[in-house]
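Undergrad: Quick one: the structure is below, questions incoming.
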Amino acid sequence: MATDTRTRMIEATALLLRRRGYHGTSLNDILAASRAPRGSLYFHFPGGKDQLVIEVTRASVADVTERLGAQLTAEHDPAVAVHHIYQSVARMLEDNEFSLGCPIAPVVLDAPNDVPELEEICRSAFEQWIGLLRQAFVRAGVPERRAHALALLVESSLEGLMVIARATRDRSSLNAVADEVAALIEQAVLAGKVAQQAESAA
């Protein structure tokens, strides 16, 4: 039963954070949503709300990182992989009726500067996600500098498009940008291969 209570608290906190951010999620909200007695919070999380939020955020980041890495390695062509990522995000938004987006964006926007460990988790998350994209582009032959810029473009557009899709309750913006970004990546890969061939021939 104790494990069940702990799981309910983690799941409730994850949903509340994605909807309300750090400061908008109170202990009372967590206890009410998880149907947990107040004493159970400090039993399972002696550090209180901060410990719970840190654990939940770290798990959310790990989940996204694992899925992103799997999608990027499942496809040899990074343009196809990235197109699939946009479609996956669009389906996720539809499945939750446009109520939930990026798991860490609300936390970042809430600026919990008084919780350094939480700040570090969020900063590291974007470094990891951008890094995975950059590595996929470099593997396909895109020069490092452009690969990094493309990775930033993909990540930033996904974050912004999740907000737009939630506001409009429509996935069409993700579909449209997915096609454009995939085409841009295809061009970058082709240009990289041409440059490599030119260097080999020189």
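Identifiers in this document derive from the order of the structure tokens: chains are assigned A, B, ..., residues are numbered from 1 separately in each chain, and ligands are numbered from 1 in order of occurrence.
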Using DSSP on the backbone, list every residue of chain A that comes out as alpha helix (DSSP H), and give them as a ChimeraX atom specification.

TA: /A:2-20,27-34,38-44,48-74,78-95,105-109,116-139,144-168,172-201

Undergrad: List the neighbours of A:Ser40 out to 10 Å using only C-alpha atoms; skip same-chain residues closer than 3 positions along the sequence, and give me the result as a PDB file with N, CA and C atoms, in the first residue's frame.

TA:
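Output file result-v8.pdb follows:
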```
ATOM      1  N   ALA A   2       1.983   1.188   0.755  1.00  0.00           N
ATOM      2  CA  ALA A   2       2.875   2.350   0.811  1.00  0.00           C
ATOM      3  C   ALA A   2       3.412   2.690  -0.566  1.00  0.00           C
ATOM      4  N   THR A   5       0.776   4.407  -2.642  1.00  0.00           N
ATOM      5  CA  THR A   5       0.634   5.815  -2.268  1.00  0.00           C
ATOM      6  C   THR A   5       1.759   6.642  -2.875  1.00  0.00           C
ATOM      7  N   ARG A   6       2.970   6.134  -2.803  1.00  0.00           N
ATOM      8  CA  ARG A   6       4.121   6.852  -3.357  1.00  0.00           C
ATOM      9  C   ARG A   6       3.962   7.036  -4.858  1.00  0.00           C
ATOM     10  N   MET A   9       1.428   9.690  -5.653  1.00  0.00           N
ATOM     11  CA  MET A   9       1.967  11.034  -5.422  1.00  0.00           C
ATOM     12  C   MET A   9       2.882  11.470  -6.567  1.00  0.00           C
ATOM     13  N   LEU A  31      -1.466  16.412  -2.439  1.00  0.00           N
ATOM     14  CA  LEU A  31      -2.148  15.485  -1.538  1.00  0.00           C
ATOM     15  C   LEU A  31      -3.576  15.224  -1.993  1.00  0.00           C
ATOM     16  N   ALA A  36      -3.670  11.205  -0.828  1.00  0.00           N
ATOM     17  CA  ALA A  36      -2.690  10.708   0.143  1.00  0.00           C
ATOM     18  C   ALA A  36      -2.778  11.507   1.438  1.00  0.00           C
ATOM     19  N   PRO A  37      -2.623  10.857   2.572  1.00  0.00           N
ATOM     20  CA  PRO A  37      -2.599  11.583   3.851  1.00  0.00           C
ATOM     21  C   PRO A  37      -1.344  12.440   3.953  1.00  0.00           C
ATOM     22  N   PHE A  43       6.942  10.916   4.802  1.00  0.00           N
ATOM     23  CA  PHE A  43       7.405   9.541   4.973  1.00  0.00           C
ATOM     24  C   PHE A  43       8.144   9.079   3.722  1.00  0.00           C
ATOM     25  N   HIS A  44       7.546   9.331   2.567  1.00  0.00           N
ATOM     26  CA  HIS A  44       8.154   8.905   1.303  1.00  0.00           C
ATOM     27  C   HIS A  44       9.185   9.912   0.783  1.00  0.00           C
ATOM     28  N   PHE A  45       8.978  11.195   1.105  1.00  0.00           N
ATOM     29  CA  PHE A  45       9.871  12.245   0.612  1.00  0.00           C
ATOM     30  C   PHE A  45      10.242  13.164   1.786  1.00  0.00           C
ATOM     31  N   PRO A  46      11.249  12.764   2.560  1.00  0.00           N
ATOM     32  CA  PRO A  46      11.641  13.543   3.748  1.00  0.00           C
ATOM     33  C   PRO A  46      11.981  14.999   3.414  1.00  0.00           C
TER      34      PRO A  46
END
```

Undergrad: Tell me which protein, DNA and RNA residues are within 8 Å of stretch 125-133 of chain A, counting only C-alpha atoms, leaving out same-chain ones fewer than 5 positions away, and put them as an NGL selection string.

TA: :A and (61 or 65 or 68-69 or 72 or 147-148 or 151-152 or 155)

Undergrad: Keeping only N, CA, C and O atoms, write the selected residues as a PDB file, in the first residue's frame.

TA:
```
ATOM      1  N   VAL A  61      12.471  13.811 -17.448  1.00  0.00           N
ATOM      2  CA  VAL A  61      13.573  14.097 -18.377  1.00  0.00           C
ATOM      3  C   VAL A  61      14.164  12.794 -18.917  1.00  0.00           C
ATOM      4  O   VAL A  61      14.428  12.665 -20.118  1.00  0.00           O
ATOM      5  N   THR A  65      14.283  11.717 -22.813  1.00  0.00           N
ATOM      6  CA  THR A  65      15.611  11.463 -23.385  1.00  0.00           C
ATOM      7  C   THR A  65      15.686  10.072 -24.000  1.00  0.00           C
ATOM      8  O   THR A  65      16.219   9.900 -25.109  1.00  0.00           O
ATOM      9  N   LEU A  68      13.485  10.033 -27.211  1.00  0.00           N
ATOM     10  CA  LEU A  68      14.113  10.819 -28.277  1.00  0.00           C
ATOM     11  C   LEU A  68      15.297  10.068 -28.870  1.00  0.00           C
ATOM     12  O   LEU A  68      15.453   9.990 -30.099  1.00  0.00           O
ATOM     13  N   GLY A  69      16.129   9.513 -28.016  1.00  0.00           N
ATOM     14  CA  GLY A  69      17.270   8.750 -28.501  1.00  0.00           C
ATOM     15  C   GLY A  69      16.849   7.561 -29.344  1.00  0.00           C
ATOM     16  O   GLY A  69      17.470   7.270 -30.382  1.00  0.00           O
ATOM     17  N   LEU A  72      15.691   8.694 -32.804  1.00  0.00           N
ATOM     18  CA  LEU A  72      16.779   9.156 -33.662  1.00  0.00           C
ATOM     19  C   LEU A  72      17.665   8.012 -34.147  1.00  0.00           C
ATOM     20  O   LEU A  72      18.275   8.115 -35.223  1.00  0.00           O
ATOM     21  N   ALA A 147      25.134  21.418 -37.568  1.00  0.00           N
ATOM     22  CA  ALA A 147      24.361  20.400 -36.851  1.00  0.00           C
ATOM     23  C   ALA A 147      23.839  20.951 -35.532  1.00  0.00           C
ATOM     24  O   ALA A 147      22.692  20.691 -35.143  1.00  0.00           O
ATOM     25  N   HIS A 148      24.668  21.725 -34.856  1.00  0.00           N
ATOM     26  CA  HIS A 148      24.248  22.316 -33.587  1.00  0.00           C
ATOM     27  C   HIS A 148      23.124  23.324 -33.809  1.00  0.00           C
ATOM     28  O   HIS A 148      22.131  23.352 -33.060  1.00  0.00           O
ATOM     29  N   ALA A 151      19.944  21.499 -34.548  1.00  0.00           N
ATOM     30  CA  ALA A 151      19.408  20.889 -33.332  1.00  0.00           C
ATOM     31  C   ALA A 151      18.680  21.925 -32.483  1.00  0.00           C
ATOM     32  O   ALA A 151      17.594  21.659 -31.948  1.00  0.00           O
ATOM     33  N   LEU A 152      19.261  23.111 -32.370  1.00  0.00           N
ATOM     34  CA  LEU A 152      18.605  24.202 -31.644  1.00  0.00           C
ATOM     35  C   LEU A 152      17.289  24.585 -32.315  1.00  0.00           C
ATOM     36  O   LEU A 152      16.282  24.842 -31.644  1.00  0.00           O
ATOM     37  N   GLU A 155      14.634  21.783 -31.560  1.00  0.00           N
ATOM     38  CA  GLU A 155      14.170  21.801 -30.170  1.00  0.00           C
ATOM     39  C   GLU A 155      13.340  23.042 -29.872  1.00  0.00           C
ATOM     40  O   GLU A 155      12.283  22.958 -29.243  1.00  0.00           O
TER      41      GLU A 155
END
```

Undergrad: What's the 12 Å shell around A:Pro116, counting only C-alpha atoms, without same-chain residues fewer than 6 positions away, as a ChimeraX atom specification?

TA: /A:50-51,54,108,122-123

Undergrad: Got a sec: who's within 12 Å of A:Phe137, counting only C-alpha atoms, leaving out chain neighbours fewer than 3 positions off, as a PyMOL selection string?

TA: chain A and resi 72-73+75-82+130-134+140-152+154+182+184-193

Undergrad: Figure out the distance between atom CA of A:Val163 and atom CA of A:Arg20, please, to one decimal in Å.

TA: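 Taking atom CA of A:Arg20 as the start and atom CA of A:Val163 as the end point, the length is 13.8 Å.
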
Undergrad: Between A:Asp4, A:Glu199, A:Ser124, A:Gly24, which is the closest to A:Ala111 once you count only C-alpha atoms?

TA: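 The answer is A:Gly24, which sits nearest to A:Ala111.
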
Undergrad: Excluding A:Gly101 and its own-chain neighbours fewer than 6 positions away, which residues fall within 8 Å of it when counting only C-alpha atoms? Please give them as a PyMOL selection string.

TA: chain A and resi 18+93+162-163+166

Undergrad: Please determine, counting only C-alpha atoms, which residue among A:Ser173, A:Asn113, A:Thr57, A:Ser34 has the shortest atom-to-atom distance to A:Leu158.

TA: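 For A:Leu158, the nearest of the given residues is A:Ser173.
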